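Below is one structure, written out as structure tokens; comments come after it.
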Amino acid sequence: MKWLMVCLFLLFIGIMLSSPAGKPLNLEDVSFSLVIGMDLDDENNLMVYTTSPVFKPGGEQENKVFKVNAKSVRQSREEFDSRGTGLFTASKAQVLLVGQKLLENPRWFSLIDVLYKDFKTTVNSRIVAIDGPVSNVMNTATENQPINSMAVKSIIDTSALRGETVKVTLQELHRQMFDKGLTPSISSISTINDIALTGSTLLNEQGKYSTKLNKLESCLLLMLQGKKLEYSLDIPISKHKENNPIQSNTLSLNANNVKTKTKTHYINGKFNFIIDTNMYVMLTALPSSYESITSIPKLEENINKELKLQFEHLIKKIQKRKLDPIGLGLYARAYQNNEYNKVKSDWGEALKKSNIKVSVHVKVKTMGAVK
């Protein structure tokens, strides 16, 4: 019996070593997918894109773009293998681009299930919503930046450092999709005129496209989420738009050391959230209406008022659409668990009926080098 077990073990090892999965692949036999793009064409057919670097003698490098019509991402990889010079692997993928038209289909998330199941695929890729055709990004080559995956990745990472967009990887998106206490949010890029960051895209609890946030709204969202970042905000303070091309109705500031505390209560059949935000700010531009203000406390009072209005506008926007990108459901689950369990299957509706109050406390650290 002992010899039989030993023979079976040796046979298993021999099979594994002789199988294709056990053989090492040479670099020239592999094509690395640096960008994966998914979109729907005019006839609602799924289009899958990928880019792979092609190395040439003398250090030159170019980016090869592949496009296939497929029923799934798994099928597209087989098509890529038949067209490329090596076996395609997504282990080095930097970004996953998803067209807005595809995001409007509630079943789009099931397409990328293969990326989570395949152990050879990285889950650290940034996921980005594209406002416009994905092909515009895939076919764009920037000067001194031939690999557009690095260009898109750089846009997302640097903008996230300033708090202008959320930075979400495939792994983080998976958590957001399956956590009932919040709804997903991903970065957003426009390709209408040029590749440029527009802010963030909000999805509902099914993962379907719901609405967009501009850069200011993305900053405010990240503050409410409690992210520790160096924020850069441009706050409009006038209710009417000036005809003058040189605008003077914008308050610009940099905010740091932002601390957000959220308290949760359940009163009269409704959830109540009290969000308290404290921050230090450095003024970078003052509108003309603020020039007469010389008192620091008065200036802080005005900034508090303007920021509070912007926070309230954002909260109304997400409540109206039954979204929770802030993650208030996480607080409700933690501190009002019995009441949360009664509504967790339809948390968006419960949040829409909730009372959410925001208080802002700003301390002006500096008014700039020249007053």
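Lettering and numbering for the structure tokens are positional, with chains as A, B, ... in the shown order, residues counted from 1 in each chain, and ligands counted from 1 in the shown order.
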
Compile the contact shell of A:Ser188 as an mmCIF file with all heavy atoms, in the first residue's frame: residues with an atom at most 8 Å away, counting only C-alpha atoms, same-chain residues fewer than 6 positions apart removed.
```cif
data_model
loop_
_atom_site.group_PDB
_atom_site.id
_atom_site.type_symbol
_atom_site.label_atom_id
_atom_site.label_comp_id
_atom_site.auth_asym_id
_atom_site.auth_seq_id
_atom_site.Cartn_x
_atom_site.Cartn_y
_atom_site.Cartn_z
ATOM 1 N N VAL A 128 -11.526 52.462 -14.637
ATOM 2 C CA VAL A 128 -11.849 53.827 -15.049
ATOM 3 C C VAL A 128 -13.071 53.806 -15.962
ATOM 4 O O VAL A 128 -13.137 53.012 -16.908
ATOM 5 C CB VAL A 128 -10.664 54.478 -15.797
ATOM 6 C CG1 VAL A 128 -10.978 55.927 -16.131
ATOM 7 C CG2 VAL A 128 -9.386 54.378 -14.971
ATOM 8 N N ALA A 129 -14.032 54.678 -15.670
ATOM 9 C CA ALA A 129 -15.181 54.865 -16.541
ATOM 10 C C ALA A 129 -14.810 55.867 -17.625
ATOM 11 O O ALA A 129 -14.221 56.914 -17.344
ATOM 12 C CB ALA A 129 -16.384 55.370 -15.746
ATOM 13 N N ILE A 130 -15.155 55.561 -18.876
ATOM 14 C CA ILE A 130 -14.805 56.405 -20.010
ATOM 15 C C ILE A 130 -16.059 57.095 -20.539
ATOM 16 O O ILE A 130 -17.027 56.432 -20.928
ATOM 17 C CB ILE A 130 -14.138 55.598 -21.140
ATOM 18 C CG1 ILE A 130 -12.888 54.887 -20.607
ATOM 19 C CG2 ILE A 130 -13.786 56.497 -22.299
ATOM 20 C CD1 ILE A 130 -11.825 55.815 -20.076
ATOM 21 N N ASP A 131 -16.035 58.426 -20.518
ATOM 22 C CA ASP A 131 -17.128 59.218 -21.089
ATOM 23 C C ASP A 131 -16.808 59.472 -22.557
ATOM 24 O O ASP A 131 -16.191 60.470 -22.915
ATOM 25 C CB ASP A 131 -17.281 60.532 -20.319
ATOM 26 C CG ASP A 131 -18.459 61.358 -20.819
ATOM 27 O OD1 ASP A 131 -19.241 60.835 -21.629
ATOM 28 O OD2 ASP A 131 -18.592 62.524 -20.412
ATOM 29 N N THR A 165 -10.409 62.795 -7.628
ATOM 30 C CA THR A 165 -11.124 61.600 -8.053
ATOM 31 C C THR A 165 -10.843 60.475 -7.080
ATOM 32 O O THR A 165 -9.855 60.523 -6.326
ATOM 33 C CB THR A 165 -10.697 61.167 -9.475
ATOM 34 O OG1 THR A 165 -11.510 60.057 -9.897
ATOM 35 C CG2 THR A 165 -9.243 60.740 -9.512
ATOM 36 N N LEU A 197 -9.214 63.988 -17.044
ATOM 37 C CA LEU A 197 -10.003 63.573 -15.891
ATOM 38 C C LEU A 197 -11.198 64.498 -15.717
ATOM 39 O O LEU A 197 -11.082 65.716 -15.827
ATOM 40 C CB LEU A 197 -9.141 63.620 -14.625
ATOM 41 C CG LEU A 197 -9.871 63.228 -13.338
ATOM 42 C CD1 LEU A 197 -9.828 61.728 -13.139
ATOM 43 C CD2 LEU A 197 -9.284 63.945 -12.136
ATOM 44 N N THR A 198 -12.361 63.926 -15.453
ATOM 45 C CA THR A 198 -13.564 64.725 -15.209
ATOM 46 C C THR A 198 -14.049 64.626 -13.774
ATOM 47 O O THR A 198 -14.841 65.449 -13.337
ATOM 48 C CB THR A 198 -14.705 64.288 -16.144
ATOM 49 O OG1 THR A 198 -14.959 62.885 -15.965
ATOM 50 C CG2 THR A 198 -14.343 64.553 -17.597
ATOM 51 N N GLY A 199 -13.577 63.635 -13.031
ATOM 52 C CA GLY A 199 -14.019 63.460 -11.649
ATOM 53 C C GLY A 199 -14.233 61.994 -11.344
ATOM 54 O O GLY A 199 -13.341 61.171 -11.539
ATOM 55 N N SER A 200 -15.441 61.661 -10.913
ATOM 56 C CA SER A 200 -15.760 60.286 -10.536
ATOM 57 C C SER A 200 -17.118 59.888 -11.099
ATOM 58 O O SER A 200 -17.953 60.741 -11.394
ATOM 59 C CB SER A 200 -15.769 60.138 -9.004
ATOM 60 O OG SER A 200 -14.543 60.565 -8.437
ATOM 61 N N THR A 201 -17.316 58.586 -11.235
ATOM 62 C CA THR A 201 -18.588 58.028 -11.688
ATOM 63 C C THR A 201 -19.183 57.196 -10.569
ATOM 64 O O THR A 201 -18.490 56.375 -9.959
ATOM 65 C CB THR A 201 -18.394 57.158 -12.945
ATOM 66 O OG1 THR A 201 -18.027 57.989 -14.035
ATOM 67 C CG2 THR A 201 -19.666 56.416 -13.299
ATOM 68 N N LYS A 212 -22.525 61.236 -12.488
ATOM 69 C CA LYS A 212 -21.121 61.641 -12.401
ATOM 70 C C LYS A 212 -20.947 62.683 -11.309
ATOM 71 O O LYS A 212 -21.883 63.398 -10.951
ATOM 72 C CB LYS A 212 -20.640 62.238 -13.727
ATOM 73 C CG LYS A 212 -20.542 61.272 -14.883
ATOM 74 C CD LYS A 212 -19.918 61.982 -16.081
ATOM 75 C CE LYS A 212 -19.787 61.053 -17.271
ATOM 76 N NZ LYS A 212 -21.121 60.704 -17.838
#
```

Checklist entry - So which residues of stretch 107-141 of chain A fall under strand (DSSP E or B) by DSSP, listed as a count of residues only? => result 6

Item to check | Selection near stretch 323-337 of chain A, 8 Å with only C-alpha atoms, sequence-local residues under 2 positions removed, as a PyMOL selection string | outcome: chain A and resi 180-185+202-205+221-222+224-225+262-266+271+273+318-321+339-341+347-348+351

Just-selected residues, N, CA, C and O atoms written as a CSV table (one decimal), in the first residue's frame:
```
chain,number,residue,atom,x,y,z
A,180,LYS,N,-23.1,45.6,1.3
A,180,LYS,CA,-24.4,46.2,1.3
A,180,LYS,C,-24.4,47.6,1.9
A,180,LYS,O,-25.4,48.4,1.8
A,181,GLY,N,-23.3,47.9,2.6
A,181,GLY,CA,-23.3,49.2,3.3
A,181,GLY,C,-22.8,50.4,2.5
A,181,GLY,O,-22.7,51.5,3.0
A,182,LEU,N,-22.5,50.2,1.2
A,182,LEU,CA,-22.1,51.3,0.4
A,182,LEU,C,-22.4,51.0,-1.1
A,182,LEU,O,-22.7,49.8,-1.4
A,183,THR,N,-22.3,52.0,-2.0
A,183,THR,CA,-22.4,51.7,-3.4
A,183,THR,C,-21.1,52.1,-4.1
A,183,THR,O,-20.3,53.0,-3.6
A,184,PRO,N,-20.8,51.5,-5.2
A,184,PRO,CA,-19.4,51.7,-5.9
A,184,PRO,C,-19.3,53.1,-6.5
A,184,PRO,O,-20.2,53.8,-6.9
A,185,SER,N,-18.0,53.5,-6.5
A,185,SER,CA,-17.6,54.7,-7.2
A,185,SER,C,-16.2,54.5,-7.8
A,185,SER,O,-15.4,53.9,-7.2
A,202,LEU,N,-20.5,57.4,-10.3
A,202,LEU,CA,-21.2,56.7,-9.2
A,202,LEU,C,-22.0,55.6,-9.8
A,202,LEU,O,-22.7,55.8,-10.8
A,203,LEU,N,-22.0,54.4,-9.3
A,203,LEU,CA,-22.8,53.3,-9.7
A,203,LEU,C,-23.8,52.9,-8.6
A,203,LEU,O,-23.6,53.2,-7.4
A,204,ASN,N,-24.9,52.3,-9.0
A,204,ASN,CA,-25.9,51.9,-8.0
A,204,ASN,C,-25.5,50.6,-7.4
A,204,ASN,O,-24.4,50.0,-7.7
A,205,GLU,N,-26.3,50.0,-6.5
A,205,GLU,CA,-25.9,48.8,-5.8
A,205,GLU,C,-25.8,47.6,-6.7
A,205,GLU,O,-25.2,46.6,-6.4
A,221,LEU,N,-16.6,64.3,-1.6
A,221,LEU,CA,-16.9,62.9,-1.3
A,221,LEU,C,-15.8,62.2,-0.5
A,221,LEU,O,-16.0,61.5,0.5
A,222,LEU,N,-14.6,62.4,-1.0
A,222,LEU,CA,-13.4,61.8,-0.3
A,222,LEU,C,-13.3,62.4,1.1
A,222,LEU,O,-12.9,61.6,2.0
A,224,LEU,N,-15.8,63.3,3.0
A,224,LEU,CA,-16.9,62.6,3.8
A,224,LEU,C,-16.5,61.1,4.1
A,224,LEU,O,-16.9,60.6,5.1
A,225,GLN,N,-15.7,60.5,3.2
A,225,GLN,CA,-15.2,59.2,3.4
A,225,GLN,C,-14.1,59.1,4.4
A,225,GLN,O,-13.7,58.0,4.9
A,262,THR,N,-18.3,60.9,12.1
A,262,THR,CA,-19.7,60.6,11.7
A,262,THR,C,-20.4,59.9,12.9
A,262,THR,O,-19.9,58.9,13.4
A,263,LYS,N,-21.6,60.5,13.3
A,263,LYS,CA,-22.4,59.9,14.4
A,263,LYS,C,-23.7,59.4,13.8
A,263,LYS,O,-24.3,60.1,12.9
A,264,THR,N,-24.2,58.3,14.3
A,264,THR,CA,-25.4,57.7,13.8
A,264,THR,C,-26.4,57.5,14.9
A,264,THR,O,-26.1,57.0,16.0
A,265,HIS,N,-27.7,57.9,14.6
A,265,HIS,CA,-28.8,57.7,15.5
A,265,HIS,C,-30.0,57.2,14.7
A,265,HIS,O,-30.0,57.3,13.5
A,266,TYR,N,-30.9,56.6,15.4
A,266,TYR,CA,-32.2,56.1,14.8
A,266,TYR,C,-33.3,56.7,15.6
A,266,TYR,O,-33.6,56.4,16.7
A,271,PHE,N,-33.0,57.0,10.0
A,271,PHE,CA,-31.6,57.1,10.4
A,271,PHE,C,-31.2,58.5,10.4
A,271,PHE,O,-31.6,59.3,9.5
A,273,PHE,N,-27.8,61.0,10.6
A,273,PHE,CA,-26.3,61.0,10.5
A,273,PHE,C,-25.8,62.4,10.7
A,273,PHE,O,-26.3,63.4,10.1
A,318,ILE,N,-26.9,62.5,-4.0
A,318,ILE,CA,-26.8,61.1,-3.9
A,318,ILE,C,-28.0,60.5,-3.2
A,318,ILE,O,-28.4,59.3,-3.5
A,319,GLN,N,-28.7,61.2,-2.3
A,319,GLN,CA,-29.9,60.7,-1.7
A,319,GLN,C,-31.0,60.6,-2.8
A,319,GLN,O,-31.8,59.6,-2.8
A,320,LYS,N,-31.1,61.5,-3.7
A,320,LYS,CA,-32.1,61.5,-4.7
A,320,LYS,C,-32.0,60.3,-5.6
A,320,LYS,O,-33.0,59.7,-6.0
A,321,ARG,N,-30.8,59.8,-5.8
A,321,ARG,CA,-30.5,58.6,-6.6
A,321,ARG,C,-30.4,57.3,-5.8
A,321,ARG,O,-30.0,56.3,-6.4
A,339,GLU,N,-31.7,48.0,13.6
A,339,GLU,CA,-32.5,48.7,12.6
A,339,GLU,C,-32.0,48.6,11.2
A,339,GLU,O,-32.7,48.5,10.2
A,340,TYR,N,-30.6,48.5,11.1
A,340,TYR,CA,-30.0,48.4,9.7
A,340,TYR,C,-30.4,47.0,9.1
A,340,TYR,O,-30.7,47.0,7.9
A,341,ASN,N,-30.4,46.0,9.9
A,341,ASN,CA,-30.8,44.7,9.3
A,341,ASN,C,-32.2,44.6,8.7
A,341,ASN,O,-32.5,43.8,7.9
A,347,TRP,N,-31.2,49.4,1.2
A,347,TRP,CA,-30.5,50.4,1.9
A,347,TRP,C,-30.6,51.8,1.2
A,347,TRP,O,-30.7,52.8,1.8
A,348,GLY,N,-30.6,51.8,-0.1
A,348,GLY,CA,-30.7,53.0,-0.9
A,348,GLY,C,-32.0,53.8,-0.5
A,348,GLY,O,-32.0,55.0,-0.4
A,351,LEU,N,-31.7,55.2,3.0
A,351,LEU,CA,-30.8,56.4,3.0
A,351,LEU,C,-31.5,57.6,2.4
A,351,LEU,O,-31.3,58.7,2.9
```

Item to check | Atomic distance atom CA of A:Lys363 - atom CA of A:Asn249, expressed in Å with one decimal | outcome: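 Atom-to-atom, atom CA of A:Lys363 to atom CA of A:Asn249, that is 21.2 Å.
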
Next on the checklist: Set the distance at 7 Å and use only C-alpha atoms: which residues neighbour A:Ser354 once local chain neighbours fewer than 2 positions away are removed? I'd like the list as an MDAnalysis selection string.
Outcome noted: chainID A and resid 270:272 350:352 356

Mind dumping the selected residues with C-alpha atoms as a CSV table (one decimal), in the first residue's frame?
```
chain,number,residue,atom,x,y,z
A,270,LYS,CA,-35.4,57.3,10.4
A,271,PHE,CA,-31.6,57.1,10.4
A,272,ASN,CA,-29.9,60.3,11.4
A,350,ALA,CA,-33.6,54.0,3.6
A,351,LEU,CA,-30.8,56.4,3.0
A,352,LYS,CA,-33.0,58.5,0.8
A,356,ILE,CA,-28.0,63.8,7.1
```

Checklist outcome for this item: note - atom CA of A:Lys120 and atom CA of A:Asn136 are separated by 28.0 Å
